[in-house]
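A.B. asks: Before we start, here is the structure in question, set down as structure tokens.
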Amino acid sequence: MKLRALASLILIASLGGTSFAQDWARTRLEKSPRHHEWVDLKHGDRTVKAFIVYPEVKTKAPAVLVIHEIFGLTDWAKNLADEIAAAGYIAIAPDLLSASGGKDTSSYPDQDAAVKAVSALKSGQVFPDLDAAADYVTKLPASDGTLVVCGFCWGGGWSFGYANHNSKLKAAYVFYGPGPQERADAENIACPVYGFYGEEDARIGATIPKTKDIMASLGKTYEPVIYKGAGHGFMRAGEAPDAKPANRQAHDDAWIRWKSLLMKL
């Protein structure tokens, strides 16, 4: 995959005035009744920190691997993991900055610094860190062994890439991240891929036709949905107190679709 080109595309599309501080998301997370915990995932000579949220269910549950935005594992990303658990699934969200020199997202002084660090991550680091999280969560006593991946913005592109990397996934949910633009980046995908995109997100939207052609030519399942009037990052922006109506509607509609897809696991 042309990861450097994808990173540049996502970076340009992502920087839309997002505040690094997300007090509203932190407040929601603090009020959650669900069990949250941090774990250190050691693999090779590296350790990546991961945030896990457990659902309140009687039976073993599927696991959702969450790949954060280019802003890192923010309060919104952790709250998103909690919302996944509220729907009945174990959520694991690795902080992909945490294995870089001992820092994690909270160590960066501002959004620009975090964005610069995340955009510099390479597949040789990201995929092994995701593999460590996938291996850990599927072996938990509370897990039924089923694993899916979701990603947002920068993480949306990586979720598509991880589907090509990990053939054990049962599904991939790509939120406003670019898909494969070359056949080699989709040849190993063994699960259905579901896309969630904003109509006003032209840079990412421009990648969809090529991705559709590639996936179709390989006989892969790819089902993108474009939400009217929504911009890039609508899952986060649609939850904010000052959310634009189109982003809020897209957020709500995407959750309905996503939950219905998760129920089919």
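Convention: chains lettered A, B, ... in structure tokens order; per-chain residue numbering from 1; ligands numbered from 1 as shown.
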What's the 12 Å shell around A:Glu200, counting only C-alpha atoms, without same-chain residues fewer than 3 positions away, as a list in words?
C.D. replies: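 Everything that qualifies: Ala13, Tyr176, Tyr197, Arg203, Ile204, Gly205, Ala206, Ile226, Tyr227, Lys228, Gly229, Ala230, Gly231, His232, Gly233, Phe234, Ala246, Asn247 and Ala250 of chain A.
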A.B. asks: Please identify all polymer residues within 12 Å of A:Asn166, counting only C-alpha atoms, omitting same-chain residues fewer than 2 positions from it, and present them as a PDB file with N, CA, C and O atoms, in the first residue's frame.
C.D. replies:
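Below is the file around15.pdb, written as the result:
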```pdb
ATOM      1  N   LEU A  65     -11.835  -4.266  17.370  1.00  0.00           N
ATOM      2  CA  LEU A  65     -10.544  -3.583  17.427  1.00  0.00           C
ATOM      3  C   LEU A  65     -10.730  -2.186  16.849  1.00  0.00           C
ATOM      4  O   LEU A  65     -11.111  -2.033  15.682  1.00  0.00           O
ATOM      5  N   PHE A 127       0.997  -2.521  12.133  1.00  0.00           N
ATOM      6  CA  PHE A 127       0.410  -3.853  12.021  1.00  0.00           C
ATOM      7  C   PHE A 127       0.804  -4.773  13.175  1.00  0.00           C
ATOM      8  O   PHE A 127      -0.066  -5.470  13.724  1.00  0.00           O
ATOM      9  N   PRO A 128       2.053  -4.826  13.595  1.00  0.00           N
ATOM     10  CA  PRO A 128       2.385  -5.656  14.763  1.00  0.00           C
ATOM     11  C   PRO A 128       1.664  -5.208  16.030  1.00  0.00           C
ATOM     12  O   PRO A 128       1.256  -6.044  16.854  1.00  0.00           O
ATOM     13  N   LEU A 130      -1.288  -3.732  16.159  1.00  0.00           N
ATOM     14  CA  LEU A 130      -2.676  -4.178  15.994  1.00  0.00           C
ATOM     15  C   LEU A 130      -2.785  -5.689  16.192  1.00  0.00           C
ATOM     16  O   LEU A 130      -3.749  -6.183  16.791  1.00  0.00           O
ATOM     17  N   ASP A 131      -1.801  -6.427  15.698  1.00  0.00           N
ATOM     18  CA  ASP A 131      -1.793  -7.884  15.887  1.00  0.00           C
ATOM     19  C   ASP A 131      -1.750  -8.232  17.371  1.00  0.00           C
ATOM     20  O   ASP A 131      -2.424  -9.169  17.819  1.00  0.00           O
ATOM     21  N   ALA A 132      -0.950  -7.492  18.133  1.00  0.00           N
ATOM     22  CA  ALA A 132      -0.848  -7.752  19.567  1.00  0.00           C
ATOM     23  C   ALA A 132      -2.190  -7.513  20.258  1.00  0.00           C
ATOM     24  O   ALA A 132      -2.606  -8.284  21.132  1.00  0.00           O
ATOM     25  N   ALA A 134      -5.173  -7.627  18.761  1.00  0.00           N
ATOM     26  CA  ALA A 134      -6.098  -8.652  18.275  1.00  0.00           C
ATOM     27  C   ALA A 134      -5.889  -9.971  19.003  1.00  0.00           C
ATOM     28  O   ALA A 134      -6.850 -10.644  19.411  1.00  0.00           O
ATOM     29  N   ASP A 135      -4.633 -10.353  19.168  1.00  0.00           N
ATOM     30  CA  ASP A 135      -4.321 -11.614  19.852  1.00  0.00           C
ATOM     31  C   ASP A 135      -4.778 -11.581  21.297  1.00  0.00           C
ATOM     32  O   ASP A 135      -5.359 -12.552  21.811  1.00  0.00           O
ATOM     33  N   LEU A 147     -13.496 -11.545  15.850  1.00  0.00           N
ATOM     34  CA  LEU A 147     -12.821 -10.252  15.814  1.00  0.00           C
ATOM     35  C   LEU A 147     -13.193  -9.472  14.563  1.00  0.00           C
ATOM     36  O   LEU A 147     -13.190 -10.010  13.451  1.00  0.00           O
ATOM     37  N   VAL A 148     -13.519  -8.202  14.760  1.00  0.00           N
ATOM     38  CA  VAL A 148     -13.732  -7.273  13.649  1.00  0.00           C
ATOM     39  C   VAL A 148     -12.884  -6.036  13.915  1.00  0.00           C
ATOM     40  O   VAL A 148     -12.393  -5.822  15.030  1.00  0.00           O
ATOM     41  N   VAL A 149     -12.711  -5.222  12.895  1.00  0.00           N
ATOM     42  CA  VAL A 149     -11.933  -3.999  13.053  1.00  0.00           C
ATOM     43  C   VAL A 149     -12.748  -2.808  12.575  1.00  0.00           C
ATOM     44  O   VAL A 149     -13.562  -2.919  11.644  1.00  0.00           O
ATOM     45  N   TRP A 158      -6.251   2.639   7.739  1.00  0.00           N
ATOM     46  CA  TRP A 158      -5.539   1.499   8.304  1.00  0.00           C
ATOM     47  C   TRP A 158      -6.454   0.310   8.543  1.00  0.00           C
ATOM     48  O   TRP A 158      -6.005  -0.841   8.504  1.00  0.00           O
ATOM     49  N   SER A 159      -7.731   0.546   8.818  1.00  0.00           N
ATOM     50  CA  SER A 159      -8.646  -0.592   9.006  1.00  0.00           C
ATOM     51  C   SER A 159      -8.809  -1.359   7.702  1.00  0.00           C
ATOM     52  O   SER A 159      -8.902  -2.594   7.695  1.00  0.00           O
ATOM     53  N   PHE A 160      -8.826  -0.649   6.580  1.00  0.00           N
ATOM     54  CA  PHE A 160      -8.874  -1.320   5.278  1.00  0.00           C
ATOM     55  C   PHE A 160      -7.571  -2.105   5.070  1.00  0.00           C
ATOM     56  O   PHE A 160      -7.567  -3.261   4.636  1.00  0.00           O
ATOM     57  N   GLY A 161      -6.445  -1.464   5.413  1.00  0.00           N
ATOM     58  CA  GLY A 161      -5.162  -2.128   5.283  1.00  0.00           C
ATOM     59  C   GLY A 161      -5.049  -3.335   6.195  1.00  0.00           C
ATOM     60  O   GLY A 161      -4.462  -4.361   5.813  1.00  0.00           O
ATOM     61  N   TYR A 162      -5.621  -3.231   7.390  1.00  0.00           N
ATOM     62  CA  TYR A 162      -5.531  -4.353   8.331  1.00  0.00           C
ATOM     63  C   TYR A 162      -6.386  -5.524   7.867  1.00  0.00           C
ATOM     64  O   TYR A 162      -6.041  -6.684   8.118  1.00  0.00           O
ATOM     65  N   ALA A 163      -7.467  -5.239   7.175  1.00  0.00           N
ATOM     66  CA  ALA A 163      -8.273  -6.322   6.605  1.00  0.00           C
ATOM     67  C   ALA A 163      -7.464  -7.111   5.584  1.00  0.00           C
ATOM     68  O   ALA A 163      -7.631  -8.321   5.443  1.00  0.00           O
ATOM     69  N   ASN A 164      -6.581  -6.426   4.884  1.00  0.00           N
ATOM     70  CA  ASN A 164      -5.716  -7.092   3.916  1.00  0.00           C
ATOM     71  C   ASN A 164      -4.581  -7.850   4.616  1.00  0.00           C
ATOM     72  O   ASN A 164      -4.041  -8.817   4.080  1.00  0.00           O
ATOM     73  N   LYS A 168      -8.115 -13.303   9.477  1.00  0.00           N
ATOM     74  CA  LYS A 168      -9.015 -13.869  10.480  1.00  0.00           C
ATOM     75  C   LYS A 168     -10.170 -12.932  10.835  1.00  0.00           C
ATOM     76  O   LYS A 168     -11.089 -13.330  11.551  1.00  0.00           O
ATOM     77  N   LEU A 169     -10.131 -11.724  10.347  1.00  0.00           N
ATOM     78  CA  LEU A 169     -11.204 -10.772  10.652  1.00  0.00           C
ATOM     79  C   LEU A 169     -12.525 -11.235  10.056  1.00  0.00           C
ATOM     80  O   LEU A 169     -12.571 -11.763   8.951  1.00  0.00           O
ATOM     81  N   LYS A 170     -13.597 -10.977  10.778  1.00  0.00           N
ATOM     82  CA  LYS A 170     -14.933 -11.313  10.290  1.00  0.00           C
ATOM     83  C   LYS A 170     -15.572 -10.152   9.536  1.00  0.00           C
ATOM     84  O   LYS A 170     -16.494 -10.349   8.748  1.00  0.00           O
ATOM     85  N   ALA A 171     -15.092  -8.944   9.773  1.00  0.00           N
ATOM     86  CA  ALA A 171     -15.612  -7.771   9.068  1.00  0.00           C
ATOM     87  C   ALA A 171     -14.702  -6.584   9.341  1.00  0.00           C
ATOM     88  O   ALA A 171     -13.966  -6.564  10.336  1.00  0.00           O
ATOM     89  N   ALA A 172     -14.764  -5.610   8.450  1.00  0.00           N
ATOM     90  CA  ALA A 172     -14.034  -4.353   8.635  1.00  0.00           C
ATOM     91  C   ALA A 172     -14.996  -3.202   8.381  1.00  0.00           C
ATOM     92  O   ALA A 172     -15.761  -3.224   7.410  1.00  0.00           O
ATOM     93  N   ALA A 186      -5.615  -5.215  -1.777  1.00  0.00           N
ATOM     94  CA  ALA A 186      -6.915  -5.818  -1.451  1.00  0.00           C
ATOM     95  C   ALA A 186      -6.950  -7.317  -1.700  1.00  0.00           C
ATOM     96  O   ALA A 186      -7.915  -7.986  -1.329  1.00  0.00           O
ATOM     97  N   GLU A 187      -5.904  -7.868  -2.273  1.00  0.00           N
ATOM     98  CA  GLU A 187      -5.918  -9.274  -2.693  1.00  0.00           C
ATOM     99  C   GLU A 187      -6.111 -10.251  -1.538  1.00  0.00           C
ATOM    100  O   GLU A 187      -6.680 -11.328  -1.728  1.00  0.00           O
ATOM    101  N   ASN A 188      -5.657  -9.892  -0.340  1.00  0.00           N
ATOM    102  CA  ASN A 188      -5.731 -10.822   0.788  1.00  0.00           C
ATOM    103  C   ASN A 188      -6.935 -10.589   1.692  1.00  0.00           C
ATOM    104  O   ASN A 188      -7.068 -11.249   2.720  1.00  0.00           O
ATOM    105  N   ILE A 189      -7.807  -9.660   1.334  1.00  0.00           N
ATOM    106  CA  ILE A 189      -8.985  -9.392   2.165  1.00  0.00           C
ATOM    107  C   ILE A 189      -9.937 -10.582   2.111  1.00  0.00           C
ATOM    108  O   ILE A 189     -10.350 -11.014   1.038  1.00  0.00           O
ATOM    109  N   ALA A 190     -10.274 -11.107   3.278  1.00  0.00           N
ATOM    110  CA  ALA A 190     -11.133 -12.291   3.348  1.00  0.00           C
ATOM    111  C   ALA A 190     -12.488 -12.007   3.978  1.00  0.00           C
ATOM    112  O   ALA A 190     -13.338 -12.901   4.053  1.00  0.00           O
ATOM    113  N   CYS A 191     -12.712 -10.765   4.411  1.00  0.00           N
ATOM    114  CA  CYS A 191     -13.963 -10.423   5.101  1.00  0.00           C
ATOM    115  C   CYS A 191     -14.685  -9.312   4.339  1.00  0.00           C
ATOM    116  O   CYS A 191     -14.090  -8.608   3.524  1.00  0.00           O
TER     117      CYS A 191
END
```
A.B. asks: Choose the residue, out of A:Asp253, A:Asp82, A:Asp75, A:Glu69, that has the smallest atom-to-atom separation from A:Tyr54; count only C-alpha atoms.
C.D. replies: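 The closest residue to A:Tyr54 is A:Asp82.
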A.B. asks: A:Arg26: which residues within 8 Å, counting only C-alpha atoms, same-chain residues fewer than 4 positions away excluded, as a PDB file with C-alpha atoms, in the first residue's frame?
C.D. replies:
```pdb
ATOM      1  CA  GLN A  22     -12.840  16.941  24.246  1.00  0.00           C
ATOM      2  CA  GLU A  30     -16.596   9.159  33.335  1.00  0.00           C
ATOM      3  CA  ASP A  75     -11.185  11.119  24.870  1.00  0.00           C
ATOM      4  CA  TRP A  76     -13.589  10.784  21.961  1.00  0.00           C
ATOM      5  CA  ASN A  79     -15.735   7.139  24.543  1.00  0.00           C
TER       6      ASN A  79
END
```
A.B. asks: Could you tell me how far atom CA of A:Gly44 sits from atom CA of A:Val115, in Å to one decimal place?
C.D. replies: 25.8 Å
A.B. asks: If you run DSSP on the backbone here, which positions in stretch 101-252 of chain A get helix (DSSP H, G or I)? Please write them as an MDAnalysis selection string.
C.D. replies: chainID A and resid 105:107 111:119 123:138 154:165 183:185 202:205 208:217 234:237 245:252
A.B. asks: Apply DSSP to the structure's backbone, then extract all residues of stretch 42-175 of chain A labelled strand (DSSP E) and return them as a PyMOL selection string.
C.D. replies: chain A and resi 42-43+46-53+61-67+90-94+143-152+172-175
A.B. asks: Restrict the selected residues to N, CA, C and O atoms and save them as a compact mmCIF listing (two decimals), in the first residue's frame.
C.D. replies:
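What follows is the written file out_30.txt:
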```
# COMPACT_ATOMS: atom_id res chain seq x y z
N LYS A 42 2.78 -6.49 25.37
CA LYS A 42 4.20 -6.64 25.07
C LYS A 42 4.36 -7.60 23.89
O LYS A 42 3.80 -8.69 23.90
N HIS A 43 5.12 -7.17 22.90
CA HIS A 43 5.44 -8.05 21.78
C HIS A 43 6.79 -7.66 21.24
O HIS A 43 7.05 -6.48 20.97
N ARG A 46 8.75 -4.28 22.10
CA ARG A 46 7.83 -3.15 22.16
C ARG A 46 6.68 -3.41 23.14
O ARG A 46 6.32 -4.55 23.41
N THR A 47 6.13 -2.33 23.65
CA THR A 47 4.95 -2.39 24.51
C THR A 47 3.97 -1.32 24.06
O THR A 47 4.34 -0.14 23.94
N VAL A 48 2.74 -1.72 23.76
CA VAL A 48 1.71 -0.77 23.36
C VAL A 48 0.60 -0.79 24.40
O VAL A 48 0.18 -1.85 24.85
N LYS A 49 0.16 0.38 24.80
CA LYS A 49 -0.94 0.47 25.76
C LYS A 49 -2.27 0.39 25.02
O LYS A 49 -2.41 0.95 23.95
N ALA A 50 -3.22 -0.31 25.63
CA ALA A 50 -4.53 -0.46 24.99
C ALA A 50 -5.63 -0.24 26.02
O ALA A 50 -5.52 -0.68 27.18
N PHE A 51 -6.67 0.44 25.59
CA PHE A 51 -7.84 0.73 26.41
C PHE A 51 -8.92 -0.28 26.07
O PHE A 51 -9.26 -0.47 24.91
N ILE A 52 -9.45 -0.96 27.08
CA ILE A 52 -10.45 -2.01 26.87
C ILE A 52 -11.72 -1.66 27.64
O ILE A 52 -11.66 -1.21 28.79
N VAL A 53 -12.87 -1.88 27.00
CA VAL A 53 -14.16 -1.69 27.65
C VAL A 53 -14.97 -2.97 27.46
O VAL A 53 -15.04 -3.51 26.35
N ALA A 61 -18.69 -12.44 24.20
CA ALA A 61 -19.02 -11.45 23.18
C ALA A 61 -17.93 -11.35 22.11
O ALA A 61 -16.76 -11.62 22.37
N PRO A 62 -18.32 -10.94 20.90
CA PRO A 62 -17.33 -10.63 19.87
C PRO A 62 -16.49 -9.42 20.28
O PRO A 62 -16.91 -8.62 21.14
N ALA A 63 -15.33 -9.28 19.67
CA ALA A 63 -14.44 -8.16 20.00
C ALA A 63 -14.30 -7.23 18.80
O ALA A 63 -14.26 -7.67 17.65
N VAL A 64 -14.22 -5.94 19.11
CA VAL A 64 -14.05 -4.90 18.08
C VAL A 64 -12.72 -4.20 18.34
O VAL A 64 -12.50 -3.62 19.41
N LEU A 65 -11.84 -4.27 17.37
CA LEU A 65 -10.54 -3.58 17.43
C LEU A 65 -10.73 -2.19 16.85
O LEU A 65 -11.11 -2.03 15.68
N VAL A 66 -10.47 -1.18 17.65
CA VAL A 66 -10.71 0.21 17.26
C VAL A 66 -9.38 0.89 16.89
O VAL A 66 -8.45 0.91 17.70
N ILE A 67 -9.31 1.43 15.67
CA ILE A 67 -8.12 2.16 15.24
C ILE A 67 -8.46 3.65 15.24
O ILE A 67 -9.35 4.10 14.52
N ILE A 90 -16.99 -6.38 23.18
CA ILE A 90 -15.74 -5.98 23.82
C ILE A 90 -15.01 -5.03 22.87
O ILE A 90 -14.84 -5.35 21.69
N ALA A 91 -14.58 -3.91 23.36
CA ALA A 91 -13.85 -2.95 22.54
C ALA A 91 -12.42 -2.83 23.04
O ALA A 91 -12.19 -2.67 24.25
N ILE A 92 -11.47 -2.93 22.13
CA ILE A 92 -10.07 -2.70 22.47
C ILE A 92 -9.51 -1.63 21.55
O ILE A 92 -9.64 -1.74 20.32
N ALA A 93 -8.94 -0.59 22.14
CA ALA A 93 -8.46 0.55 21.37
C ALA A 93 -7.00 0.79 21.74
O ALA A 93 -6.70 1.44 22.76
N PRO A 94 -6.06 0.27 20.96
CA PRO A 94 -4.65 0.51 21.27
C PRO A 94 -4.26 1.95 20.98
O PRO A 94 -4.73 2.55 20.01
N SER A 143 -14.34 -13.21 25.70
CA SER A 143 -14.47 -13.14 24.25
C SER A 143 -14.91 -14.47 23.66
O SER A 143 -14.49 -15.53 24.13
N ASP A 144 -15.72 -14.40 22.59
CA ASP A 144 -16.11 -15.63 21.89
C ASP A 144 -15.16 -15.95 20.74
O ASP A 144 -15.39 -16.89 19.98
N GLY A 145 -14.09 -15.16 20.62
CA GLY A 145 -13.08 -15.40 19.59
C GLY A 145 -13.32 -14.69 18.27
O GLY A 145 -12.45 -14.70 17.39
N THR A 146 -14.47 -14.06 18.13
CA THR A 146 -14.79 -13.32 16.90
C THR A 146 -14.13 -11.95 16.95
O THR A 146 -14.22 -11.25 17.97
N LEU A 147 -13.50 -11.55 15.85
CA LEU A 147 -12.82 -10.25 15.81
C LEU A 147 -13.19 -9.47 14.56
O LEU A 147 -13.19 -10.01 13.45
N VAL A 148 -13.52 -8.20 14.76
CA VAL A 148 -13.73 -7.27 13.65
C VAL A 148 -12.88 -6.04 13.92
O VAL A 148 -12.39 -5.82 15.03
N VAL A 149 -12.71 -5.22 12.89
CA VAL A 149 -11.93 -4.00 13.05
C VAL A 149 -12.75 -2.81 12.58
O VAL A 149 -13.56 -2.92 11.64
N CYS A 150 -12.54 -1.68 13.23
CA CYS A 150 -13.12 -0.42 12.75
C CYS A 150 -12.05 0.64 12.85
O CYS A 150 -11.13 0.55 13.67
N GLY A 151 -12.15 1.65 12.00
CA GLY A 151 -11.18 2.73 12.04
C GLY A 151 -11.80 4.02 11.56
O GLY A 151 -12.74 4.01 10.76
N PHE A 152 -11.24 5.12 12.03
CA PHE A 152 -11.81 6.44 11.78
C PHE A 152 -10.73 7.38 11.25
O PHE A 152 -9.64 7.45 11.83
N ALA A 172 -14.76 -5.61 8.45
CA ALA A 172 -14.03 -4.35 8.64
C ALA A 172 -15.00 -3.20 8.38
O ALA A 172 -15.76 -3.22 7.41
N TYR A 173 -14.96 -2.20 9.26
CA TYR A 173 -15.83 -1.04 9.16
C TYR A 173 -14.95 0.19 9.00
O TYR A 173 -14.23 0.57 9.92
N VAL A 174 -15.01 0.79 7.82
CA VAL A 174 -14.12 1.89 7.46
C VAL A 174 -14.90 3.20 7.51
O VAL A 174 -15.81 3.42 6.71
N PHE A 175 -14.52 4.06 8.44
CA PHE A 175 -15.18 5.36 8.57
C PHE A 175 -14.28 6.43 7.98
O PHE A 175 -13.22 6.74 8.50
```
A.B. asks: Determine the nearest neighbour of A:Tyr222 from the options A:Val193, A:Ala87, A:Cys153, A:Ala243, counting only C-alpha atoms.
C.D. replies: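 Distance minimum relative to A:Tyr222 lands on A:Val193.
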A.B. asks: My list of candidates is A:Gly88, A:Gly156, A:Gly238, A:Gly72. Which is closest to A:Lys103 when distances are computed with only C-alpha atoms?
C.D. replies: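 Among the listed residues, the smallest separation from A:Lys103 belongs to A:Gly72.
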A.B. asks: Work out how far atom CA of A:Asp40 is from atom CA of A:Tyr136, in Å to one decimal.
C.D. replies: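 Value for the atom CA of A:Tyr136-atom CA of A:Asp40 distance: 10.1 Å.
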A.B. asks: Under the rule that only C-alpha atoms are counted, which of A:Thr105, A:Met215, A:Pro241, A:Leu96 is the nearest residue to A:Leu41?
C.D. replies: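 The shortest atom-to-atom distance to A:Leu41 comes from A:Leu96.
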A.B. asks: Between A:Lys259, A:Arg248, A:Lys264, A:Arg236, which is the closest to A:Ile84 once you count only C-alpha atoms?
C.D. replies: A:Lys259
A.B. asks: With only C-alpha atoms as the basis for distance, which of A:Ile214, A:Leu80, A:Leu262, A:Leu73 is at the shortest distance from A:Gln111?
C.D. replies: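 When distances to A:Gln111 are compared using only C-alpha atoms, the smallest one comes from A:Leu73.
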A.B. asks: Quick one: everything within 9 Å of A:Ala114, counting only C-alpha atoms, minus sequence neighbours fewer than 4 positions away in the same chain. Send it as an NGL selection string.
C.D. replies: :A and (70-72 or 97 or 105-110 or 118-119)
A.B. asks: Only N, CA, C and O atoms, please: the residues just picked out, written as a tab-separated table (two decimals), in the first residue's frame.
C.D. replies:
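Dumped everything to part-v6.tsv:
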```
chain	number	residue	atom	x	y	z
A	70	ILE	N	-6.24	10.31	13.35
A	70	ILE	CA	-4.90	10.86	13.27
A	70	ILE	C	-4.54	11.68	14.50
A	70	ILE	O	-3.38	12.00	14.75
A	71	PHE	N	-5.53	12.02	15.31
A	71	PHE	CA	-5.31	12.79	16.53
A	71	PHE	C	-4.85	11.92	17.69
A	71	PHE	O	-4.58	12.42	18.78
A	72	GLY	N	-4.79	10.61	17.49
A	72	GLY	CA	-4.39	9.70	18.55
A	72	GLY	C	-5.58	9.17	19.33
A	72	GLY	O	-6.74	9.34	18.94
A	97	LEU	N	0.45	5.47	19.53
A	97	LEU	CA	1.59	6.32	19.83
A	97	LEU	C	2.38	5.81	21.02
A	97	LEU	O	3.52	6.22	21.25
A	105	THR	N	-0.67	9.19	23.70
A	105	THR	CA	-1.35	10.38	23.17
A	105	THR	C	-1.40	11.51	24.19
A	105	THR	O	-1.19	12.68	23.85
A	106	SER	N	-1.64	11.18	25.46
A	106	SER	CA	-1.77	12.21	26.48
A	106	SER	C	-0.45	12.93	26.76
A	106	SER	O	-0.43	13.99	27.39
A	107	SER	N	0.67	12.38	26.26
A	107	SER	CA	1.97	12.99	26.50
A	107	SER	C	2.25	14.15	25.55
A	107	SER	O	3.17	14.94	25.80
A	108	TYR	N	1.47	14.25	24.48
A	108	TYR	CA	1.74	15.30	23.50
A	108	TYR	C	1.07	16.61	23.93
A	108	TYR	O	-0.07	16.61	24.40
A	109	PRO	N	1.76	17.73	23.75
A	109	PRO	CA	1.27	19.00	24.29
A	109	PRO	C	0.06	19.58	23.57
A	109	PRO	O	-0.70	20.35	24.14
A	110	ASP	N	-0.10	19.22	22.29
A	110	ASP	CA	-1.21	19.78	21.54
A	110	ASP	C	-1.56	18.88	20.36
A	110	ASP	O	-0.88	17.88	20.10
A	118	VAL	N	1.49	10.71	14.80
A	118	VAL	CA	0.67	9.64	14.23
A	118	VAL	C	0.94	9.49	12.74
A	118	VAL	O	1.07	8.37	12.23
A	119	SER	N	1.05	10.60	12.03
A	119	SER	CA	1.24	10.53	10.59
A	119	SER	C	2.59	9.94	10.22
A	119	SER	O	2.78	9.50	9.08
```
